[in-house]
Amino acid sequence: MLAIAAELVIIGLQVLPFSPAALKPASWVIVVVWIVLGLALRLMSLRSRRE
């Protein structure tokens, strides 16, 4: 439970625009690329399991 609380605090610091630790636009591009890549790989693995 403590790990979940710590994770939420860290994510909150990264996401809130007025935070000194907020992500810059270039960092958001990297985050979006990783999310898209992860979703694409997940979809590919689901499709290969169906066959």
# chains A, B, ... in the order shown; residues from 1 in each chain; ligands from 1

$ select_by_dssp --residues "chain A" --states "alpha helix (DSSP H)" --output "mmCIF file with all heavy atoms, in the first residue's frame"
data_model
loop_
_atom_site.group_PDB
_atom_site.id
_atom_site.type_symbol
_atom_site.label_atom_id
_atom_site.label_comp_id
_atom_site.auth_asym_id
_atom_site.auth_seq_id
_atom_site.Cartn_x
_atom_site.Cartn_y
_atom_site.Cartn_z
ATOM 1 N N LEU A 2 1.975 1.199 0.694
ATOM 2 C CA LEU A 2 2.880 2.341 0.742
ATOM 3 C C LEU A 2 3.499 2.599 -0.629
ATOM 4 O O LEU A 2 3.672 3.759 -1.038
ATOM 5 C CB LEU A 2 3.977 2.098 1.780
ATOM 6 C CG LEU A 2 4.973 3.245 1.988
ATOM 7 C CD1 LEU A 2 4.243 4.501 2.444
ATOM 8 C CD2 LEU A 2 6.029 2.846 2.982
ATOM 9 N N ALA A 3 3.796 1.534 -1.358
ATOM 10 C CA ALA A 3 4.375 1.686 -2.693
ATOM 11 C C ALA A 3 3.395 2.360 -3.643
ATOM 12 O O ALA A 3 3.785 3.185 -4.474
ATOM 13 C CB ALA A 3 4.787 0.326 -3.239
ATOM 14 N N ILE A 4 2.118 2.029 -3.525
ATOM 15 C CA ILE A 4 1.109 2.658 -4.375
ATOM 16 C C ILE A 4 1.008 4.147 -4.066
ATOM 17 O O ILE A 4 0.939 4.979 -4.978
ATOM 18 C CB ILE A 4 -0.257 1.968 -4.186
ATOM 19 C CG1 ILE A 4 -0.185 0.547 -4.714
ATOM 20 C CG2 ILE A 4 -1.363 2.743 -4.883
ATOM 21 C CD1 ILE A 4 -1.404 -0.293 -4.395
ATOM 22 N N ALA A 5 1.036 4.499 -2.801
ATOM 23 C CA ALA A 5 0.978 5.911 -2.417
ATOM 24 C C ALA A 5 2.200 6.665 -2.928
ATOM 25 O O ALA A 5 2.075 7.785 -3.441
ATOM 26 C CB ALA A 5 0.874 6.027 -0.897
ATOM 27 N N ALA A 6 3.360 6.066 -2.814
ATOM 28 C CA ALA A 6 4.583 6.709 -3.299
ATOM 29 C C ALA A 6 4.536 6.888 -4.816
ATOM 30 O O ALA A 6 4.938 7.935 -5.347
ATOM 31 C CB ALA A 6 5.802 5.885 -2.909
ATOM 32 N N GLU A 7 4.025 5.889 -5.516
ATOM 33 C CA GLU A 7 3.909 5.980 -6.970
ATOM 34 C C GLU A 7 2.967 7.104 -7.376
ATOM 35 O O GLU A 7 3.248 7.861 -8.312
ATOM 36 C CB GLU A 7 3.405 4.652 -7.525
ATOM 37 C CG GLU A 7 3.180 4.671 -9.012
ATOM 38 C CD GLU A 7 2.594 3.375 -9.525
ATOM 39 O OE1 GLU A 7 2.445 2.417 -8.748
ATOM 40 O OE2 GLU A 7 2.287 3.333 -10.719
ATOM 41 N N LEU A 8 1.852 7.238 -6.683
ATOM 42 C CA LEU A 8 0.896 8.303 -6.998
ATOM 43 C C LEU A 8 1.503 9.686 -6.767
ATOM 44 O O LEU A 8 1.256 10.618 -7.545
ATOM 45 C CB LEU A 8 -0.376 8.127 -6.182
ATOM 46 C CG LEU A 8 -1.237 6.920 -6.566
ATOM 47 C CD1 LEU A 8 -2.409 6.770 -5.607
ATOM 48 C CD2 LEU A 8 -1.713 7.030 -8.000
ATOM 49 N N VAL A 9 2.297 9.818 -5.734
ATOM 50 C CA VAL A 9 2.964 11.102 -5.476
ATOM 51 C C VAL A 9 3.953 11.416 -6.590
ATOM 52 O O VAL A 9 3.992 12.538 -7.115
ATOM 53 C CB VAL A 9 3.677 11.082 -4.099
ATOM 54 C CG1 VAL A 9 4.598 12.280 -3.946
ATOM 55 C CG2 VAL A 9 2.655 11.041 -2.984
ATOM 56 N N ILE A 10 4.736 10.439 -7.003
ATOM 57 C CA ILE A 10 5.731 10.657 -8.061
ATOM 58 C C ILE A 10 5.041 10.994 -9.381
ATOM 59 O O ILE A 10 5.442 11.931 -10.081
ATOM 60 C CB ILE A 10 6.646 9.424 -8.197
ATOM 61 C CG1 ILE A 10 7.529 9.320 -6.964
ATOM 62 C CG2 ILE A 10 7.483 9.502 -9.464
ATOM 63 C CD1 ILE A 10 8.311 8.041 -6.858
ATOM 64 N N ILE A 11 3.990 10.251 -9.726
ATOM 65 C CA ILE A 11 3.263 10.541 -10.960
ATOM 66 C C ILE A 11 2.628 11.923 -10.884
ATOM 67 O O ILE A 11 2.642 12.684 -11.851
ATOM 68 C CB ILE A 11 2.209 9.441 -11.237
ATOM 69 C CG1 ILE A 11 2.912 8.149 -11.617
ATOM 70 C CG2 ILE A 11 1.245 9.871 -12.338
ATOM 71 C CD1 ILE A 11 1.990 6.958 -11.745
ATOM 72 N N GLY A 12 2.088 12.260 -9.739
ATOM 73 C CA GLY A 12 1.498 13.590 -9.559
ATOM 74 C C GLY A 12 2.512 14.698 -9.773
ATOM 75 O O GLY A 12 2.210 15.719 -10.401
ATOM 76 N N LEU A 13 3.716 14.516 -9.279
ATOM 77 C CA LEU A 13 4.759 15.530 -9.470
ATOM 78 C C LEU A 13 5.141 15.669 -10.939
ATOM 79 O O LEU A 13 5.478 16.759 -11.395
ATOM 80 C CB LEU A 13 5.996 15.181 -8.644
ATOM 81 C CG LEU A 13 5.859 15.375 -7.141
ATOM 82 C CD1 LEU A 13 7.089 14.824 -6.433
ATOM 83 C CD2 LEU A 13 5.650 16.829 -6.797
ATOM 84 N N GLN A 14 5.083 14.574 -11.682
ATOM 85 C CA GLN A 14 5.448 14.608 -13.097
ATOM 86 C C GLN A 14 4.349 15.218 -13.955
ATOM 87 O O GLN A 14 4.626 15.838 -14.974
ATOM 88 C CB GLN A 14 5.755 13.191 -13.604
ATOM 89 C CG GLN A 14 6.912 12.535 -12.906
ATOM 90 C CD GLN A 14 8.241 13.190 -13.198
ATOM 91 O OE1 GLN A 14 8.529 13.493 -14.329
ATOM 92 N NE2 GLN A 14 9.023 13.424 -12.175
ATOM 93 N N VAL A 15 3.098 15.036 -13.572
ATOM 94 C CA VAL A 15 1.966 15.420 -14.406
ATOM 95 C C VAL A 15 1.500 16.854 -14.156
ATOM 96 O O VAL A 15 1.078 17.545 -15.089
ATOM 97 C CB VAL A 15 0.803 14.424 -14.190
ATOM 98 C CG1 VAL A 15 -0.443 14.852 -14.919
ATOM 99 C CG2 VAL A 15 1.214 13.040 -14.648
ATOM 100 N N PRO A 25 7.582 19.263 -22.862
ATOM 101 C CA PRO A 25 6.939 18.710 -24.063
ATOM 102 C C PRO A 25 7.727 17.574 -24.723
ATOM 103 O O PRO A 25 7.128 16.595 -25.172
ATOM 104 C CB PRO A 25 6.821 19.919 -24.989
ATOM 105 C CG PRO A 25 6.720 21.087 -24.061
ATOM 106 C CD PRO A 25 7.611 20.727 -22.904
ATOM 107 N N ALA A 26 9.028 17.682 -24.780
ATOM 108 C CA ALA A 26 9.828 16.616 -25.392
ATOM 109 C C ALA A 26 9.696 15.315 -24.594
ATOM 110 O O ALA A 26 9.637 14.222 -25.171
ATOM 111 C CB ALA A 26 11.286 17.035 -25.472
ATOM 112 N N SER A 27 9.605 15.416 -23.293
ATOM 113 C CA SER A 27 9.435 14.226 -22.458
ATOM 114 C C SER A 27 8.060 13.603 -22.657
ATOM 115 O O SER A 27 7.917 12.380 -22.642
ATOM 116 C CB SER A 27 9.621 14.582 -20.988
ATOM 117 O OG SER A 27 10.916 15.071 -20.758
ATOM 118 N N TRP A 28 7.042 14.435 -22.856
ATOM 119 C CA TRP A 28 5.703 13.912 -23.115
ATOM 120 C C TRP A 28 5.670 13.152 -24.431
ATOM 121 O O TRP A 28 4.974 12.149 -24.556
ATOM 122 C CB TRP A 28 4.667 15.031 -23.113
ATOM 123 C CG TRP A 28 4.234 15.406 -21.730
ATOM 124 C CD1 TRP A 28 4.480 16.584 -21.089
ATOM 125 C CD2 TRP A 28 3.506 14.605 -20.812
ATOM 126 N NE1 TRP A 28 3.949 16.556 -19.832
ATOM 127 C CE2 TRP A 28 3.337 15.354 -19.632
ATOM 128 C CE3 TRP A 28 2.985 13.322 -20.863
ATOM 129 C CZ2 TRP A 28 2.661 14.855 -18.521
ATOM 130 C CZ3 TRP A 28 2.305 12.829 -19.754
ATOM 131 C CH2 TRP A 28 2.155 13.599 -18.601
ATOM 132 N N VAL A 29 6.420 13.626 -25.426
ATOM 133 C CA VAL A 29 6.492 12.915 -26.704
ATOM 134 C C VAL A 29 7.070 11.524 -26.481
ATOM 135 O O VAL A 29 6.558 10.527 -27.013
ATOM 136 C CB VAL A 29 7.326 13.710 -27.733
ATOM 137 C CG1 VAL A 29 7.611 12.886 -28.969
ATOM 138 C CG2 VAL A 29 6.627 15.003 -28.095
ATOM 139 N N ILE A 30 8.096 11.423 -25.682
ATOM 140 C CA ILE A 30 8.710 10.131 -25.382
ATOM 141 C C ILE A 30 7.725 9.222 -24.657
ATOM 142 O O ILE A 30 7.611 8.034 -24.972
ATOM 143 C CB ILE A 30 9.999 10.323 -24.556
ATOM 144 C CG1 ILE A 30 11.048 11.046 -25.404
ATOM 145 C CG2 ILE A 30 10.528 9.002 -24.032
ATOM 146 C CD1 ILE A 30 12.249 11.512 -24.632
ATOM 147 N N VAL A 31 6.979 9.772 -23.695
ATOM 148 C CA VAL A 31 5.985 8.981 -22.964
ATOM 149 C C VAL A 31 4.923 8.453 -23.924
ATOM 150 O O VAL A 31 4.550 7.280 -23.871
ATOM 151 C CB VAL A 31 5.343 9.826 -21.838
ATOM 152 C CG1 VAL A 31 4.129 9.127 -21.244
ATOM 153 C CG2 VAL A 31 6.351 10.137 -20.759
ATOM 154 N N VAL A 32 4.435 9.317 -24.814
ATOM 155 C CA VAL A 32 3.402 8.893 -25.770
ATOM 156 C C VAL A 32 3.940 7.811 -26.706
ATOM 157 O O VAL A 32 3.244 6.831 -26.999
ATOM 158 C CB VAL A 32 2.865 10.108 -26.553
ATOM 159 C CG1 VAL A 32 1.988 9.683 -27.713
ATOM 160 C CG2 VAL A 32 2.102 11.041 -25.626
ATOM 161 N N VAL A 33 5.182 7.960 -27.166
ATOM 162 C CA VAL A 33 5.774 6.945 -28.040
ATOM 163 C C VAL A 33 5.858 5.603 -27.317
ATOM 164 O O VAL A 33 5.528 4.551 -27.891
ATOM 165 C CB VAL A 33 7.164 7.398 -28.543
ATOM 166 C CG1 VAL A 33 7.917 6.252 -29.194
ATOM 167 C CG2 VAL A 33 7.015 8.554 -29.512
ATOM 168 N N TRP A 34 6.264 5.601 -26.065
ATOM 169 C CA TRP A 34 6.347 4.344 -25.304
ATOM 170 C C TRP A 34 4.975 3.723 -25.114
ATOM 171 O O TRP A 34 4.818 2.496 -25.195
ATOM 172 C CB TRP A 34 7.007 4.583 -23.944
ATOM 173 C CG TRP A 34 8.496 4.535 -24.002
ATOM 174 C CD1 TRP A 34 9.350 5.582 -23.837
ATOM 175 C CD2 TRP A 34 9.314 3.389 -24.258
ATOM 176 N NE1 TRP A 34 10.640 5.144 -23.981
ATOM 177 C CE2 TRP A 34 10.652 3.805 -24.228
ATOM 178 C CE3 TRP A 34 9.040 2.052 -24.497
ATOM 179 C CZ2 TRP A 34 11.707 2.926 -24.444
ATOM 180 C CZ3 TRP A 34 10.092 1.176 -24.716
ATOM 181 C CH2 TRP A 34 11.408 1.628 -24.682
ATOM 182 N N ILE A 35 3.962 4.548 -24.858
ATOM 183 C CA ILE A 35 2.606 4.023 -24.678
ATOM 184 C C ILE A 35 2.100 3.402 -25.977
ATOM 185 O O ILE A 35 1.550 2.297 -25.982
ATOM 186 C CB ILE A 35 1.663 5.129 -24.177
ATOM 187 C CG1 ILE A 35 2.011 5.491 -22.731
ATOM 188 C CG2 ILE A 35 0.204 4.706 -24.285
ATOM 189 C CD1 ILE A 35 1.284 6.704 -22.196
ATOM 190 N N VAL A 36 2.298 4.111 -27.097
ATOM 191 C CA VAL A 36 1.858 3.589 -28.387
ATOM 192 C C VAL A 36 2.604 2.297 -28.725
ATOM 193 O O VAL A 36 2.000 1.318 -29.191
ATOM 194 C CB VAL A 36 2.046 4.659 -29.495
ATOM 195 C CG1 VAL A 36 1.853 4.075 -30.876
ATOM 196 C CG2 VAL A 36 1.098 5.816 -29.260
ATOM 197 N N LEU A 37 3.894 2.270 -28.484
ATOM 198 C CA LEU A 37 4.684 1.066 -28.738
ATOM 199 C C LEU A 37 4.191 -0.100 -27.878
ATOM 200 O O LEU A 37 4.031 -1.226 -28.355
ATOM 201 C CB LEU A 37 6.166 1.340 -28.473
ATOM 202 C CG LEU A 37 7.132 0.197 -28.725
ATOM 203 C CD1 LEU A 37 7.098 -0.210 -30.193
ATOM 204 C CD2 LEU A 37 8.530 0.598 -28.316
ATOM 205 N N GLY A 38 3.923 0.158 -26.614
ATOM 206 C CA GLY A 38 3.423 -0.883 -25.718
ATOM 207 C C GLY A 38 2.069 -1.406 -26.152
ATOM 208 O O GLY A 38 1.822 -2.620 -26.144
ATOM 209 N N LEU A 39 1.166 -0.510 -26.555
ATOM 210 C CA LEU A 39 -0.147 -0.937 -27.025
ATOM 211 C C LEU A 39 -0.044 -1.749 -28.312
ATOM 212 O O LEU A 39 -0.740 -2.759 -28.480
ATOM 213 C CB LEU A 39 -1.058 0.274 -27.235
ATOM 214 C CG LEU A 39 -1.524 0.968 -25.965
ATOM 215 C CD1 LEU A 39 -2.284 2.246 -26.303
ATOM 216 C CD2 LEU A 39 -2.376 0.050 -25.118
ATOM 217 N N ALA A 40 0.830 -1.320 -29.220
ATOM 218 C CA ALA A 40 1.014 -2.055 -30.474
ATOM 219 C C ALA A 40 1.545 -3.454 -30.206
ATOM 220 O O ALA A 40 1.056 -4.438 -30.786
ATOM 221 C CB ALA A 40 1.965 -1.286 -31.393
ATOM 222 N N LEU A 41 2.523 -3.581 -29.332
ATOM 223 C CA LEU A 41 3.066 -4.905 -28.999
ATOM 224 C C LEU A 41 2.022 -5.773 -28.300
ATOM 225 O O LEU A 41 1.948 -6.982 -28.536
ATOM 226 C CB LEU A 41 4.316 -4.760 -28.135
ATOM 227 C CG LEU A 41 5.528 -4.163 -28.844
ATOM 228 C CD1 LEU A 41 6.646 -3.891 -27.847
ATOM 229 C CD2 LEU A 41 5.999 -5.082 -29.952
ATOM 230 N N ARG A 42 1.216 -5.166 -27.464
ATOM 231 C CA ARG A 42 0.154 -5.912 -26.776
ATOM 232 C C ARG A 42 -0.862 -6.440 -27.781
ATOM 233 O O ARG A 42 -1.287 -7.606 -27.703
ATOM 234 C CB ARG A 42 -0.522 -5.013 -25.739
ATOM 235 C CG ARG A 42 -1.672 -5.641 -25.028
ATOM 236 C CD ARG A 42 -1.222 -6.740 -24.120
ATOM 237 N NE ARG A 42 -2.368 -7.255 -23.399
ATOM 238 C CZ ARG A 42 -2.424 -8.444 -22.871
ATOM 239 N NH1 ARG A 42 -1.379 -9.235 -22.930
ATOM 240 N NH2 ARG A 42 -3.491 -8.845 -22.255
ATOM 241 N N LEU A 43 -1.273 -5.588 -28.719
ATOM 242 C CA LEU A 43 -2.222 -6.032 -29.739
ATOM 243 C C LEU A 43 -1.639 -7.141 -30.603
ATOM 244 O O LEU A 43 -2.331 -8.101 -30.949
ATOM 245 C CB LEU A 43 -2.643 -4.847 -30.611
ATOM 246 C CG LEU A 43 -3.571 -3.833 -29.950
ATOM 247 C CD1 LEU A 43 -3.788 -2.644 -30.864
ATOM 248 C CD2 LEU A 43 -4.885 -4.473 -29.568
ATOM 249 N N MET A 44 -0.373 -7.038 -30.941
ATOM 250 C CA MET A 44 0.283 -8.079 -31.738
ATOM 251 C C MET A 44 0.312 -9.396 -30.974
ATOM 252 O O MET A 44 0.098 -10.457 -31.554
ATOM 253 C CB MET A 44 1.691 -7.650 -32.139
ATOM 254 C CG MET A 44 1.702 -6.560 -33.182
ATOM 255 S SD MET A 44 3.311 -5.833 -33.541
ATOM 256 C CE MET A 44 4.437 -7.168 -33.481
ATOM 257 N N SER A 45 0.573 -9.345 -29.680
ATOM 258 C CA SER A 45 0.627 -10.582 -28.894
ATOM 259 C C SER A 45 -0.761 -11.196 -28.754
ATOM 260 O O SER A 45 -0.901 -12.420 -28.775
ATOM 261 C CB SER A 45 1.263 -10.338 -27.531
ATOM 262 O OG SER A 45 0.383 -9.606 -26.700
ATOM 263 N N LEU A 46 -1.786 -10.372 -28.620
ATOM 264 C CA LEU A 46 -3.143 -10.893 -28.531
ATOM 265 C C LEU A 46 -3.569 -11.550 -29.835
ATOM 266 O O LEU A 46 -4.223 -12.595 -29.830
ATOM 267 C CB LEU A 46 -4.130 -9.779 -28.164
ATOM 268 C CG LEU A 46 -4.064 -9.258 -26.736
ATOM 269 C CD1 LEU A 46 -4.988 -8.078 -26.563
ATOM 270 C CD2 LEU A 46 -4.375 -10.354 -25.739
ATOM 271 N N ARG A 47 -3.199 -10.959 -30.958
ATOM 272 C CA ARG A 47 -3.538 -11.521 -32.264
ATOM 273 C C ARG A 47 -2.816 -12.848 -32.490
ATOM 274 O O ARG A 47 -3.380 -13.776 -33.055
ATOM 275 C CB ARG A 47 -3.198 -10.548 -33.383
ATOM 276 C CG ARG A 47 -4.151 -9.394 -33.453
ATOM 277 C CD ARG A 47 -3.826 -8.496 -34.606
ATOM 278 N NE ARG A 47 -4.692 -7.339 -34.607
ATOM 279 C CZ ARG A 47 -4.469 -6.243 -35.279
ATOM 280 N NH1 ARG A 47 -3.392 -6.132 -36.032
ATOM 281 N NH2 ARG A 47 -5.313 -5.236 -35.228
ATOM 282 N N SER A 48 -1.563 -12.947 -32.045
ATOM 283 C CA SER A 48 -0.812 -14.188 -32.261
ATOM 284 C C SER A 48 -1.361 -15.315 -31.377
ATOM 285 O O SER A 48 -1.255 -16.485 -31.738
ATOM 286 C CB SER A 48 0.675 -13.971 -31.994
ATOM 287 O OG SER A 48 0.904 -13.731 -30.626
ATOM 288 N N ARG A 49 -1.952 -14.998 -30.251
ATOM 289 C CA ARG A 49 -2.535 -16.020 -29.384
ATOM 290 C C ARG A 49 -3.815 -16.593 -29.982
ATOM 291 O O ARG A 49 -4.167 -17.723 -29.736
ATOM 292 C CB ARG A 49 -2.854 -15.449 -28.006
ATOM 293 C CG ARG A 49 -1.628 -15.184 -27.193
ATOM 294 C CD ARG A 49 -2.013 -14.675 -25.824
ATOM 295 N NE ARG A 49 -0.839 -14.243 -25.102
ATOM 296 C CZ ARG A 49 -0.863 -13.673 -23.935
ATOM 297 N NH1 ARG A 49 -2.015 -13.447 -23.345
ATOM 298 N NH2 ARG A 49 0.249 -13.316 -23.345
ATOM 299 N N ARG A 50 -4.544 -15.768 -30.738
ATOM 300 C CA ARG A 50 -5.802 -16.222 -31.338
ATOM 301 C C ARG A 50 -5.558 -17.231 -32.442
ATOM 302 O O ARG A 50 -6.398 -18.051 -32.727
ATOM 303 C CB ARG A 50 -6.564 -15.036 -31.908
ATOM 304 C CG ARG A 50 -7.134 -14.139 -30.852
ATOM 305 C CD ARG A 50 -7.928 -13.017 -31.470
ATOM 306 N NE ARG A 50 -8.298 -12.036 -30.455
ATOM 307 C CZ ARG A 50 -8.769 -10.852 -30.718
ATOM 308 N NH1 ARG A 50 -8.948 -10.473 -31.966
ATOM 309 N NH2 ARG A 50 -9.081 -10.024 -29.750
#
